[in-house]
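Source file: target-v6.txt; contents: compact mmCIF, C-alpha atoms.
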```txt
# COMPACT_ATOMS: atom_id res chain seq x y z
CA MET A 1 0.00 0.00 0.00
CA ASN A 2 1.45 3.39 -1.00
CA CYS A 3 1.88 5.54 2.08
CA THR A 4 3.86 8.38 0.45
CA ARG A 5 1.10 10.10 -1.51
CA ILE A 6 1.01 13.90 -1.27
CA PRO A 7 -1.77 14.89 1.15
CA LEU A 8 -4.65 16.68 -0.57
CA ARG A 9 -7.79 18.23 0.85
CA TYR A 10 -10.90 16.64 -0.60
CA TYR A 11 -14.23 18.38 -0.30
CA SER A 12 -16.14 17.08 -3.32
CA THR A 13 -17.80 13.68 -3.34
CA ALA A 14 -17.56 10.79 -5.75
CA SER A 15 -19.96 10.47 -8.65
CA PRO A 16 -23.12 8.36 -8.22
CA SER A 17 -21.71 5.63 -10.49
CA SER A 18 -18.51 5.51 -8.45
CA THR A 19 -20.52 5.39 -5.21
CA THR A 20 -22.59 2.47 -6.52
CA HIS A 21 -19.44 0.65 -7.65
CA PHE A 22 -17.81 0.89 -4.23
CA ASN A 23 -21.05 0.05 -2.42
CA GLN A 24 -21.25 -3.18 -4.42
CA ARG A 25 -17.61 -4.02 -3.69
CA ILE A 26 -18.07 -3.40 0.05
CA LEU A 27 -21.25 -5.50 0.06
CA HIS A 28 -19.40 -8.33 -1.68
CA LEU A 29 -16.64 -8.15 0.93
CA LYS A 30 -19.19 -8.41 3.74
CA ASN A 31 -20.38 -11.72 2.32
CA ALA A 32 -16.85 -13.16 1.98
CA PHE A 33 -14.48 -10.93 3.92
CA LYS A 34 -10.76 -11.24 3.18
CA ILE A 35 -8.32 -8.77 4.67
CA ASP A 36 -6.13 -8.59 1.54
CA ASP A 37 -9.16 -7.77 -0.62
CA ALA A 38 -10.25 -5.12 1.88
CA LEU A 39 -6.83 -3.46 1.82
CA GLN A 40 -6.78 -3.47 -1.97
CA LEU A 41 -10.24 -1.87 -2.05
CA PHE A 42 -9.16 0.76 0.49
CA ASP A 43 -6.19 1.65 -1.69
CA GLU A 44 -8.43 1.99 -4.75
CA MET A 45 -10.87 4.19 -2.81
CA LEU A 46 -8.03 6.36 -1.56
CA GLN A 47 -6.70 6.92 -5.08
CA ARG A 48 -10.09 7.77 -6.58
CA GLN A 49 -10.50 11.50 -7.22
CA PRO A 50 -12.76 12.68 -5.79
CA PRO A 51 -12.75 9.89 -3.19
CA PRO A 52 -15.86 8.06 -1.98
CA SER A 53 -17.74 9.46 1.00
CA ILE A 54 -16.55 8.96 4.57
CA ILE A 55 -19.56 6.66 5.05
CA GLN A 56 -18.09 4.13 2.62
CA PHE A 57 -14.66 4.34 4.24
CA ASN A 58 -16.31 3.74 7.62
CA GLN A 59 -18.22 0.72 6.26
CA LEU A 60 -15.03 -0.83 4.91
CA ILE A 61 -13.03 -0.20 8.10
CA THR A 62 -15.90 -1.55 10.22
CA GLY A 63 -15.57 -4.84 8.32
CA ILE A 64 -11.84 -4.90 9.11
CA VAL A 65 -12.61 -4.28 12.80
CA LYS A 66 -15.11 -7.15 12.83
CA MET A 67 -12.27 -9.40 11.67
CA LYS A 68 -10.34 -8.17 14.77
CA HIS A 69 -7.65 -6.42 12.72
CA TYR A 70 -7.68 -3.44 15.12
CA SER A 71 -4.14 -2.18 14.42
CA THR A 72 -4.79 -2.33 10.67
CA ALA A 73 -8.01 -0.32 11.07
CA LEU A 74 -6.16 2.39 13.03
CA MET A 75 -3.44 2.52 10.38
CA LEU A 76 -6.04 3.04 7.64
CA ILE A 77 -7.78 5.81 9.59
CA LYS A 78 -4.41 7.51 10.06
CA GLN A 79 -3.76 7.25 6.33
CA MET A 80 -7.16 8.79 5.60
CA ARG A 81 -6.25 11.78 7.79
CA PHE A 82 -2.91 12.06 6.00
CA MET A 83 -4.75 12.22 2.68
CA GLY A 84 -7.02 14.95 3.98
CA ILE A 85 -10.25 12.95 4.07
CA PRO A 86 -12.39 14.44 6.87
CA ALA A 87 -13.52 12.03 9.59
CA ASN A 88 -16.93 12.03 11.20
CA ILE A 89 -18.06 10.93 14.65
CA TYR A 90 -18.44 7.34 13.49
CA THR A 91 -14.80 7.29 12.37
CA ILE A 92 -13.77 8.59 15.80
CA SER A 93 -15.93 5.92 17.46
CA ILE A 94 -14.19 3.23 15.40
CA SER A 95 -10.81 4.60 16.53
CA ILE A 96 -11.85 4.61 20.18
CA ASN A 97 -13.16 1.05 19.88
CA CYS A 98 -9.91 -0.16 18.29
CA HIS A 99 -7.74 1.49 20.96
CA CYS A 100 -9.88 -0.06 23.69
CA ARG A 101 -9.69 -3.51 22.08
CA LEU A 102 -5.91 -3.15 21.96
CA ASN A 103 -5.95 -2.40 25.70
CA GLN A 104 -5.16 1.26 24.98
CA VAL A 105 -8.06 2.80 26.85
CA ALA A 106 -6.03 5.91 27.63
CA TYR A 107 -5.74 6.64 23.91
CA GLY A 108 -9.44 6.05 23.49
CA PHE A 109 -10.28 8.43 26.28
CA ALA A 110 -7.82 10.97 24.86
CA LEU A 111 -9.75 10.91 21.58
CA LEU A 112 -12.98 11.62 23.42
CA ALA A 113 -11.31 14.29 25.53
CA THR A 114 -10.12 16.12 22.41
CA ILE A 115 -13.74 16.59 21.41
CA PHE A 116 -14.48 18.41 24.67
CA LYS A 117 -11.07 19.98 25.31
CA GLN A 118 -12.06 23.63 24.73
CA GLU A 119 -15.33 25.44 24.17
CA LEU A 120 -14.11 26.70 20.80
CA ALA A 121 -13.21 23.17 19.79
CA VAL A 122 -16.67 21.96 20.80
CA GLN A 123 -18.29 24.68 18.72
CA ALA A 124 -16.11 23.74 15.78
CA MET A 125 -17.08 20.09 16.19
CA VAL A 126 -20.74 20.98 16.37
CA ARG A 127 -20.48 23.02 13.20
CA ARG A 128 -19.01 19.94 11.51
CA GLY A 129 -21.75 17.75 12.96
CA LEU A 130 -19.40 15.90 15.33
CA HIS A 131 -21.03 14.87 18.61
CA PRO A 132 -19.87 11.90 20.70
CA ASP A 133 -22.73 9.46 20.49
CA VAL A 134 -23.83 6.19 22.07
CA ILE A 135 -21.34 4.25 19.96
CA THR A 136 -18.45 6.44 21.14
CA TYR A 137 -19.31 6.07 24.82
CA SER A 138 -20.10 2.37 24.47
CA ALA A 139 -16.66 1.74 22.99
CA LEU A 140 -15.03 3.43 26.00
CA ILE A 141 -17.18 1.52 28.48
CA ASP A 142 -16.25 -1.74 26.74
CA GLY A 143 -12.57 -0.82 26.90
CA TYR A 144 -12.68 -0.20 30.64
CA CYS A 145 -14.61 -3.43 31.21
CA LEU A 146 -12.07 -5.42 29.19
CA ARG A 147 -9.36 -4.05 31.50
CA GLY A 148 -11.41 -4.94 34.57
CA GLU A 149 -11.81 -1.25 35.48
CA ILE A 150 -15.53 -1.53 36.07
CA ASP A 151 -15.76 1.54 38.35
CA ASP A 152 -14.35 3.74 35.59
CA ALA A 153 -16.81 2.18 33.14
CA GLU A 154 -19.67 3.17 35.46
CA LYS A 155 -18.37 6.75 35.55
CA VAL A 156 -18.36 6.91 31.74
CA LEU A 157 -21.94 5.60 31.76
CA ASP A 158 -22.94 8.32 34.24
CA GLY A 159 -21.34 10.97 32.02
CA MET A 160 -23.16 9.55 29.03
CA VAL A 161 -26.53 9.77 30.79
CA GLU A 162 -25.78 13.33 31.96
CA LYS A 163 -25.47 14.30 28.31
CA GLU A 164 -28.93 12.76 27.78
CA LEU A 165 -27.59 9.93 25.67
CA VAL A 166 -29.57 6.71 26.10
CA PRO A 167 -27.44 3.56 26.56
CA ASN A 168 -28.35 0.68 24.24
CA ILE A 169 -28.06 -3.09 24.61
CA ILE A 170 -24.43 -2.99 23.41
CA THR A 171 -23.57 -0.55 26.20
CA TYR A 172 -25.21 -2.73 28.83
CA ASN A 173 -23.68 -5.93 27.40
CA SER A 174 -20.22 -4.51 28.08
CA LEU A 175 -21.15 -3.68 31.68
CA ILE A 176 -22.80 -7.07 32.32
CA ASN A 177 -19.74 -8.84 30.90
CA GLY A 178 -17.50 -6.66 33.07
CA TYR A 179 -19.48 -7.47 36.23
CA CYS A 180 -19.43 -11.19 35.43
CA LYS A 181 -15.67 -11.24 34.84
CA LYS A 182 -15.16 -9.50 38.19
CA LYS A 183 -17.46 -12.14 39.73
CA ARG A 184 -20.00 -9.49 40.75
CA ILE A 185 -22.82 -11.73 39.61
CA GLY A 186 -25.40 -10.06 41.84
CA LYS A 187 -24.77 -6.72 40.17
CA ALA A 188 -24.90 -8.36 36.74
CA MET A 189 -28.23 -10.03 37.55
CA ARG A 190 -29.75 -6.73 38.75
CA LEU A 191 -28.59 -4.93 35.60
CA PHE A 192 -29.89 -7.82 33.46
CA GLN A 193 -33.34 -7.34 35.01
CA GLU A 194 -33.11 -3.56 34.93
CA ILE A 195 -32.52 -3.36 31.18
CA GLN A 196 -35.59 -5.50 30.58
CA ASP A 197 -37.64 -3.23 32.84
CA LYS A 198 -36.47 -0.35 30.62
CA GLY A 199 -37.80 -2.15 27.55
CA LEU A 200 -34.48 -3.35 26.17
CA ILE A 201 -34.31 -6.94 24.91
CA PRO A 202 -31.26 -9.01 25.91
CA ASP A 203 -29.53 -10.60 22.92
CA VAL A 204 -27.33 -13.69 22.59
CA VAL A 205 -24.28 -11.70 23.73
CA THR A 206 -26.10 -10.72 26.94
CA TYR A 207 -27.12 -14.30 27.65
CA ASN A 208 -23.63 -15.64 26.92
CA SER A 209 -22.07 -13.27 29.46
CA MET A 210 -24.70 -14.13 32.06
CA LEU A 211 -24.31 -17.88 31.50
CA GLN A 212 -20.55 -17.70 31.90
CA GLY A 213 -20.89 -15.54 34.99
CA LEU A 214 -23.36 -17.92 36.63
CA PHE A 215 -21.22 -20.99 35.95
CA GLU A 216 -18.04 -19.31 37.20
CA SER A 217 -19.78 -18.13 40.37
CA GLY A 218 -20.89 -21.68 41.14
CA ASN A 219 -24.53 -21.42 40.05
CA PRO A 220 -24.89 -24.16 37.38
CA ALA A 221 -28.61 -24.67 38.09
CA ALA A 222 -29.33 -20.96 37.55
CA ALA A 223 -27.27 -21.07 34.35
CA ARG A 224 -29.29 -24.01 32.99
CA GLU A 225 -32.52 -22.21 33.87
CA LEU A 226 -31.33 -19.06 32.08
CA PHE A 227 -30.40 -21.12 29.01
CA ASN A 228 -33.94 -22.55 28.91
CA GLU A 229 -35.34 -19.01 29.23
CA MET A 230 -33.10 -17.85 26.39
CA GLN A 231 -34.46 -20.53 24.06
CA ALA A 232 -38.05 -19.94 25.18
CA LYS A 233 -37.67 -16.28 24.17
CA GLY A 234 -36.60 -17.30 20.67
CA HIS A 235 -32.85 -16.72 20.85
CA THR A 236 -30.76 -19.22 18.90
CA PRO A 237 -27.69 -20.39 20.86
CA THR A 238 -24.37 -19.98 19.06
CA VAL A 239 -21.23 -22.11 19.16
CA LEU A 240 -20.00 -19.81 21.92
CA THR A 241 -23.21 -20.37 23.90
CA TYR A 242 -22.86 -24.15 23.76
CA GLY A 243 -19.14 -23.87 24.49
CA ILE A 244 -19.90 -21.92 27.68
CA LEU A 245 -22.57 -24.46 28.63
CA PHE A 246 -20.46 -27.56 28.03
CA HIS A 247 -17.44 -26.09 29.77
CA GLY A 248 -19.49 -24.97 32.76
CA MET A 249 -21.38 -28.24 33.04
CA CYS A 250 -18.21 -30.34 32.85
CA ARG A 251 -16.54 -28.19 35.50
CA ASN A 252 -19.53 -28.86 37.73
CA SER A 253 -19.34 -32.66 37.19
CA GLN A 254 -22.34 -32.67 34.83
CA THR A 255 -20.65 -34.40 31.88
CA THR A 256 -23.59 -36.78 31.35
CA ASP A 257 -25.96 -33.82 30.99
CA ALA A 258 -23.48 -32.00 28.75
CA LEU A 259 -23.21 -35.00 26.43
CA ALA A 260 -27.00 -35.41 26.39
CA LEU A 261 -27.38 -31.76 25.38
CA PHE A 262 -24.72 -32.21 22.71
CA ARG A 263 -26.54 -35.27 21.32
CA SER A 264 -29.81 -33.32 21.29
CA LEU A 265 -28.34 -31.11 18.56
CA GLY A 266 -28.95 -34.02 16.16
CA SER A 267 -28.06 -33.06 12.61
CA ASN A 268 -27.31 -29.45 13.55
CA GLU A 269 -24.09 -28.12 12.01
CA LEU A 270 -22.84 -27.45 15.53
CA MET A 271 -22.40 -31.22 15.91
CA LYS A 272 -19.55 -30.85 13.43
CA ASN A 273 -17.77 -28.13 15.37
CA ILE A 274 -14.30 -29.14 16.53
CA VAL A 275 -14.30 -26.52 19.32
CA LEU A 276 -17.25 -28.21 21.05
CA TYR A 277 -15.59 -31.62 20.73
CA ASN A 278 -12.42 -30.20 22.29
CA ILE A 279 -14.34 -28.85 25.28
CA LEU A 280 -16.18 -32.12 25.83
CA ILE A 281 -13.05 -34.31 25.44
CA ASP A 282 -11.17 -32.19 27.96
CA GLY A 283 -14.20 -31.99 30.27
CA CYS A 284 -14.84 -35.74 30.28
CA ASN A 285 -11.20 -36.48 31.07
CA LYS A 286 -11.06 -33.96 33.91
CA CYS A 287 -14.23 -35.49 35.37
CA GLY A 288 -12.55 -38.89 35.51
CA LYS A 289 -14.14 -40.32 32.37
CA PRO A 290 -11.17 -40.91 30.03
CA ASN A 291 -12.98 -43.60 28.04
CA LEU A 292 -15.76 -41.17 27.16
CA ALA A 293 -13.12 -38.64 26.10
CA LEU A 294 -11.48 -41.17 23.77
CA ASP A 295 -14.88 -42.22 22.39
CA LEU A 296 -15.54 -38.58 21.46
CA TYR A 297 -12.16 -38.40 19.72
CA ASP A 298 -12.96 -41.52 17.69
CA GLU A 299 -16.39 -40.09 16.88
CA LEU A 300 -15.06 -36.80 15.49
CA LEU A 301 -12.64 -38.71 13.27
CA LEU A 302 -15.51 -40.85 11.94
CA ARG A 303 -17.43 -37.65 11.18
CA GLY A 304 -14.51 -36.51 9.03
CA LEU A 305 -13.60 -33.61 11.29
CA LYS A 306 -10.00 -32.41 11.35
CA PRO A 307 -8.45 -32.31 14.84
CA ASN A 308 -6.51 -29.17 15.73
CA VAL A 309 -3.66 -28.79 18.21
CA ARG A 310 -6.13 -28.38 21.11
CA THR A 311 -7.79 -31.67 20.18
CA TYR A 312 -4.48 -33.50 20.07
CA ASN A 313 -3.35 -31.93 23.35
CA ALA A 314 -6.55 -33.04 25.11
CA VAL A 315 -6.17 -36.62 23.84
CA ILE A 316 -2.43 -36.69 24.64
CA LEU A 317 -3.28 -35.68 28.21
CA VAL A 318 -5.66 -38.67 28.43
CA TYR A 319 -3.00 -41.04 27.13
CA CYS A 320 -0.36 -39.62 29.50
CA GLU A 321 -2.57 -39.91 32.55
CA GLU A 322 -3.46 -43.47 31.58
CA GLY A 323 0.22 -44.36 31.11
CA LEU A 324 -0.21 -45.06 27.37
CA LEU A 325 3.21 -43.76 26.26
CA VAL A 326 3.16 -45.72 22.99
CA LYS A 327 -0.14 -44.04 22.10
CA VAL A 328 1.37 -40.64 22.91
CA LYS A 329 4.27 -41.21 20.52
CA GLU A 330 1.92 -42.48 17.80
CA LEU A 331 -0.31 -39.43 18.14
CA LEU A 332 2.66 -37.06 18.01
CA ARG A 333 3.75 -38.62 14.72
CA LYS A 334 0.17 -38.47 13.43
CA MET A 335 -0.03 -34.77 14.31
CA GLU A 336 2.98 -33.92 12.21
CA VAL A 337 1.84 -36.09 9.29
CA ASN A 338 -1.46 -34.19 9.36
CA GLY A 339 0.36 -30.85 9.31
CA CYS A 340 -0.46 -29.98 12.92
CA LEU A 341 2.77 -29.26 14.79
CA PRO A 342 3.02 -29.79 18.56
CA ASN A 343 3.17 -26.57 20.58
CA SER A 344 4.62 -25.65 23.95
CA PHE A 345 1.51 -26.92 25.74
CA THR A 346 1.85 -30.32 24.03
CA TYR A 347 5.38 -30.86 25.31
CA ASN A 348 4.65 -29.49 28.76
CA ILE A 349 1.77 -31.96 29.14
CA ILE A 350 3.98 -34.90 28.15
CA VAL A 351 7.05 -33.98 30.22
CA ARG A 352 5.00 -33.09 33.29
CA GLU A 353 2.94 -36.28 33.23
CA LEU A 354 6.01 -38.46 32.64
CA LEU A 355 7.76 -36.85 35.60
CA LYS A 356 4.71 -37.45 37.79
CA LYS A 357 5.00 -41.15 36.93
CA ASN A 358 8.78 -41.07 37.59
CA GLU A 359 9.47 -41.88 33.92
CA CYS A 360 12.55 -39.63 34.06
CA GLY A 361 14.30 -41.31 31.12
CA GLU A 362 11.39 -40.70 28.75
CA ALA A 363 10.89 -37.21 30.19
CA GLU A 364 14.51 -36.38 29.31
CA ILE A 365 13.96 -37.36 25.68
CA PHE A 366 10.87 -35.18 25.29
CA LEU A 367 12.40 -32.32 27.28
CA GLU A 368 15.41 -32.23 24.97
CA GLU A 369 13.20 -32.36 21.88
CA MET A 370 11.06 -29.61 23.36
CA ILE A 371 14.03 -27.27 23.89
CA ASN A 372 15.47 -28.05 20.46
CA ARG A 373 12.17 -26.88 18.96
CA GLY A 374 12.44 -23.59 20.81
CA PHE A 375 9.92 -24.26 23.59
CA MET A 376 10.49 -23.95 27.31
CA PRO A 377 9.01 -25.71 30.33
CA ASP A 378 6.26 -23.74 32.04
CA HIS A 379 6.15 -23.05 35.78
CA ALA A 380 4.41 -26.30 36.68
CA THR A 381 6.86 -28.38 34.63
CA PHE A 382 9.83 -26.57 36.21
CA GLU A 383 8.53 -27.42 39.66
CA ASN A 384 8.26 -31.09 38.70
CA LEU A 385 11.80 -30.99 37.33
CA LEU A 386 13.39 -29.26 40.29
CA VAL A 387 12.02 -31.57 42.95
CA ARG A 388 13.61 -34.51 41.14
CA ILE A 389 17.10 -33.05 40.73
CA PRO A 390 18.35 -34.14 44.19
CA ASN A 391 17.34 -37.72 43.37
CA VAL A 392 19.30 -38.07 40.14
CA GLY A 393 23.02 -38.54 39.68
CA LYS A 394 25.45 -35.73 38.93
CA ASP A 395 25.96 -37.12 35.45
CA SER A 396 22.23 -37.36 34.78
CA CYS A 397 21.05 -35.94 31.47
CA LEU A 398 18.03 -34.49 33.28
CA ARG A 399 20.26 -32.53 35.67
CA THR A 400 22.36 -31.27 32.76
CA ILE A 401 19.29 -30.11 30.84
CA VAL A 402 17.85 -28.24 33.81
CA LEU A 403 21.15 -26.45 34.41
CA LYS A 404 21.32 -25.49 30.74
CA LEU A 405 17.82 -24.05 30.90
CA THR A 406 19.14 -21.08 32.83
CA SER A 407 21.03 -19.99 29.70
CA VAL A 408 18.53 -20.99 26.98
CA GLU A 409 16.55 -18.10 25.60
CA ARG A 410 12.89 -18.64 24.98
CA LYS A 411 11.27 -18.11 21.60
CA ASP A 412 9.32 -15.13 22.97
CA GLY A 413 12.50 -13.50 24.26
CA GLY A 414 11.86 -14.35 27.91
CA MET A 415 14.27 -16.12 30.22
CA PRO A 416 13.30 -18.74 32.79
CA THR A 417 14.03 -18.00 36.42
CA ILE A 418 15.09 -21.08 38.34
CA THR A 419 15.42 -21.08 42.09
CA SER A 420 17.18 -24.12 43.48
CA PRO A 421 15.22 -25.91 46.19
CA CYS A 422 18.49 -26.89 47.89
```

Now that the file is in, can you turn its structure into structure tokens?
Amino acid sequence: MNCTRIPLRYYSTASPSSTTHFNQRILHLKNAFKIDDALQLFDEMLQRQPPPSIIQFNQLITGIVKMKHYSTALMLIKQMRFMGIPANIYTISISINCHCRLNQVAYGFALLATIFKQELAVQAMVRRGLHPDVITYSALIDGYCLRGEIDDAEKVLDGMVEKELVPNIITYNSLINGYCKKKRIGKAMRLFQEIQDKGLIPDVVTYNSMLQGLFESGNPAAARELFNEMQAKGHTPTVLTYGILFHGMCRNSQTTDALALFRSLGSNELMKNIVLYNILIDGCNKCGKPNLALDLYDELLLRGLKPNVRTYNAVILVYCEEGLLVKVKELLRKMEVNGCLPNSFTYNIIVRELLKKNECGEAEIFLEEMINRGFMPDHATFENLLVRIPNVGKDSCLRTIVLKLTSVERKDGGMPTITSPC
């Protein structure tokens, strides 16, 4: 993308035929969004003289944001400013949202503050039709909630109401999610009821946050009841909804119910979702039902689904805990043949479980392979290694590897800190 164009001030708008052309291109992208195609279209729009309206730029960048390319969206907005294309309040709202999603709430707030910095600036904004709206404030509230700064989010909401702006369901969804993540489930429940009293209708996002909050606060029965209410009110559960349910039910030793609910999906496309299989395999194993976990793995293969690294890791954990080392090695080979490389978590599972079973010789082999591939033991694996050092000989390969770990740099640039227990 050419970033060295001479900045020009554009005040005219594109011709109707040009507007229609770009509208069709943007609509096509929405149906099959690809970031490279979006960037190419942005470049074409930027070079068109006169350029398309800011509305079309906003539509295109919104699509990029929905794909979670927040840094890219901010770069494009910056390039628009460089080219002299005037932003509107929606563009500013997109910027605030991106900064908040990138955990840069201070930048987001700074953008909002610039709108109110001086009376003259406000008047200038008003003349240009720029007024912070519900979207702007909602983006800031979401940013604070993502950082766990729920009190600051409440202050932004109060300021929003003072300016006689009416919060919408998106605003309240951010707050409910924030309360749930801070385990303030009582507050979340009251707000959930309050928004309905105000005439707002909770959506799937609202229910997902509430379900997760109820499960994590130890209220699985209330979560199941809310799920039934959600369906009764005509909301269709998403993959995320079922993922929250299955995970929460398994954590509360309700694997039988989770599997029954999964089977009730019948021919639904969700039955072919690898993410749900991963959750159930892991959940069954952690509930002491390894055979059920392995049955689910066999089932997904029969359905023609392609396991990902999380699937393999969950099954490897089952094999390790059951002492099936031959199966572990077979699955590792199968992973690589299928183009799915083991990650740090894979090796940490294997080494840790082998050490727990005092299979130090095998653990050494995998530990060395792990380091050669650029991965490092995590904290739990280190602890398992260190407690065994006094019990191995001075010439032990395991002792040598652990000592070398103090000078091996991790892939992410970090260095392990090892404190000797002696």

Completion exercise
Restricting to all atoms listed in the file, whichever of A:Leu355, A:Glu269, A:Leu60, A:Pro52 is closest to His28 (chain A) is A:Leu60

Practice task
Excluding Lys182 (chain A) and any residue of its chain fewer than 4 positions from it, enumerate the residues within 10 Å of it, using all atoms listed in the file, and give them as an MDAnalysis selection string.
Solution key: chainID A and resid 145 148:150 176:178 188 213

Keeping only C-alpha atoms, write the selected residues as a PDB file, in the frame of the given file.
```
ATOM      1  CA  CYS A 145     -14.610  -3.430  31.210  1.00  0.00           C
ATOM      2  CA  GLY A 148     -11.410  -4.940  34.570  1.00  0.00           C
ATOM      3  CA  GLU A 149     -11.810  -1.250  35.480  1.00  0.00           C
ATOM      4  CA  ILE A 150     -15.530  -1.530  36.070  1.00  0.00           C
ATOM      5  CA  ILE A 176     -22.800  -7.070  32.320  1.00  0.00           C
ATOM      6  CA  ASN A 177     -19.740  -8.840  30.900  1.00  0.00           C
ATOM      7  CA  GLY A 178     -17.500  -6.660  33.070  1.00  0.00           C
ATOM      8  CA  ALA A 188     -24.900  -8.360  36.740  1.00  0.00           C
ATOM      9  CA  GLY A 213     -20.890 -15.540  34.990  1.00  0.00           C
TER      10      GLY A 213
END
```

Practice task
With a distance cut-off of 10 Å and all atoms listed in the file, select the neighbouring residues of region 288-295 of chain A, excluding the residue or stretch itself and same-chain residues fewer than 3 positions from it, and output the selection as an NGL selection string.
Solution key: :A and (253 or 255-256 or 259 or 277-285 or 298-300 or 314-315 or 317-319 or 321-322)

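Picture a line from CA of Asn208 (chain A) to CA of Gly243 (chain A); it runs 9.7 Å.
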
Handout entry: Test item: residues at most 10 Å from region 329-333 of chain A, only C-alpha atoms, excluding those fewer than 6 positions along its chain, as a PyMOL selection string
Key = chain A and resi 312-313+315-316+319+340-342+346-347+350

Output for the residues just chosen: C-alpha atoms as a PDB file, keeping the file's coordinate frame:
```pdb
ATOM      1  CA  TYR A 312      -4.480 -33.500  20.070  1.00  0.00           C
ATOM      2  CA  ASN A 313      -3.350 -31.930  23.350  1.00  0.00           C
ATOM      3  CA  VAL A 315      -6.170 -36.620  23.840  1.00  0.00           C
ATOM      4  CA  ILE A 316      -2.430 -36.690  24.640  1.00  0.00           C
ATOM      5  CA  TYR A 319      -3.000 -41.040  27.130  1.00  0.00           C
ATOM      6  CA  CYS A 340      -0.460 -29.980  12.920  1.00  0.00           C
ATOM      7  CA  LEU A 341       2.770 -29.260  14.790  1.00  0.00           C
ATOM      8  CA  PRO A 342       3.020 -29.790  18.560  1.00  0.00           C
ATOM      9  CA  THR A 346       1.850 -30.320  24.030  1.00  0.00           C
ATOM     10  CA  TYR A 347       5.380 -30.860  25.310  1.00  0.00           C
ATOM     11  CA  ILE A 350       3.980 -34.900  28.150  1.00  0.00           C
TER      12      ILE A 350
END
```

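As for CA of Lys286 (chain A) and CA of Lys334 (chain A), they are spaced 23.8 Å apart.
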
Listing only residues of region 188-274 of chain A within 9 Å of region 157-173 of chain A, what is the closest atom pair and its distance in Å (to one decimal) for each, using all atoms listed in the file, sorted by chain and residue number ascending, as CSV?
```
residue,atom,partner,partner_atom,distance
A:Leu191,CA,A:Tyr172,CA,7.9
A:Phe192,CA,A:Tyr172,CA,8.3
A:Ile195,CA,A:Tyr172,CA,7.7
A:Leu200,CA,A:Ile169,CA,6.6
A:Ile201,CA,A:Ile169,CA,7.3
A:Pro202,CA,A:Ile169,CA,6.9
A:Asp203,CA,A:Ile169,CA,7.8
A:Val205,CA,A:Asn173,CA,6.9
A:Thr206,CA,A:Asn173,CA,5.4
A:Ser209,CA,A:Asn173,CA,7.8
```

Any chance you could export the current selection's C-alpha atoms as a compact mmCIF listing (two decimals), in the frame of the given file?
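Result saved to again.txt:
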```txt
# COMPACT_ATOMS: atom_id res chain seq x y z
CA LEU A 191 -28.59 -4.93 35.60
CA PHE A 192 -29.89 -7.82 33.46
CA ILE A 195 -32.52 -3.36 31.18
CA LEU A 200 -34.48 -3.35 26.17
CA ILE A 201 -34.31 -6.94 24.91
CA PRO A 202 -31.26 -9.01 25.91
CA ASP A 203 -29.53 -10.60 22.92
CA VAL A 205 -24.28 -11.70 23.73
CA THR A 206 -26.10 -10.72 26.94
CA SER A 209 -22.07 -13.27 29.46
```

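Straight-line separation from CA of Lys181 (chain A) to CA of Thr62 (chain A): 26.5 Å.
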
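The neighbours of Asp378 (chain A) here are the residues that come within 10 Å of it, using all atoms listed in the file and leaving out any residue fewer than 5 positions away in the same chain; they are Ser344, Phe345, Tyr347, Asn348, Ile349, Arg352, Glu383 and Pro416 of chain A.
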
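With all atoms listed in the file taken into account, the protein and nucleic acid residues at most 10 Å from Glu216 (chain A) (excluding it and anything under 3 positions from it in its own chain) are Cys180, Lys181, Lys183, Ile185, Met210, Leu211, Gln212, Gly213, Asn219, Pro220, Ala223, Gly248, Arg251 and Asn252 of chain A.
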
Taking C-alpha atoms for each residue, export the selection above as a PDB file, in the frame of the given file.
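What follows is the written file result_33.pdb:
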```
ATOM      1  CA  CYS A 180     -19.430 -11.190  35.430  1.00  0.00           C
ATOM      2  CA  LYS A 181     -15.670 -11.240  34.840  1.00  0.00           C
ATOM      3  CA  LYS A 183     -17.460 -12.140  39.730  1.00  0.00           C
ATOM      4  CA  ILE A 185     -22.820 -11.730  39.610  1.00  0.00           C
ATOM      5  CA  MET A 210     -24.700 -14.130  32.060  1.00  0.00           C
ATOM      6  CA  LEU A 211     -24.310 -17.880  31.500  1.00  0.00           C
ATOM      7  CA  GLN A 212     -20.550 -17.700  31.900  1.00  0.00           C
ATOM      8  CA  GLY A 213     -20.890 -15.540  34.990  1.00  0.00           C
ATOM      9  CA  ASN A 219     -24.530 -21.420  40.050  1.00  0.00           C
ATOM     10  CA  PRO A 220     -24.890 -24.160  37.380  1.00  0.00           C
ATOM     11  CA  ALA A 223     -27.270 -21.070  34.350  1.00  0.00           C
ATOM     12  CA  GLY A 248     -19.490 -24.970  32.760  1.00  0.00           C
ATOM     13  CA  ARG A 251     -16.540 -28.190  35.500  1.00  0.00           C
ATOM     14  CA  ASN A 252     -19.530 -28.860  37.730  1.00  0.00           C
TER      15      ASN A 252
END
```

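Of the listed residues A:Asn228, A:Ile61, A:Tyr70, A:Tyr207, the one whose atoms come nearest to Thr91 (chain A) is A:Ile61, with distances taken using all atoms listed in the file.
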
Practice task
May I ask which of the residues A:Ile77, A:Cys287, A:Leu265, A:Met83 is the closest one to Met249 (chain A), counting only C-alpha atoms?
Solution key: A:Cys287

Practice task
For each of A:Lys34, A:Arg184, A:Arg147, A:Arg190, take the minimum atom-to-atom distance to Lys68 (chain A), counting only C-alpha atoms, then give the residue where this is smallest.
Solution key: A:Lys34

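At a cut-off of 10 Å from (-24.4, -21.4, 22.2), the residue set is Val204, Val205, Tyr207, Asn208, Leu211, Phe227, His235, Thr236, Pro237, Thr238, Val239, Leu240, Thr241, Tyr242, Gly243, Ile244, Leu245, Phe246, Leu270 and Leu276 of chain A (counting all atoms listed in the file).
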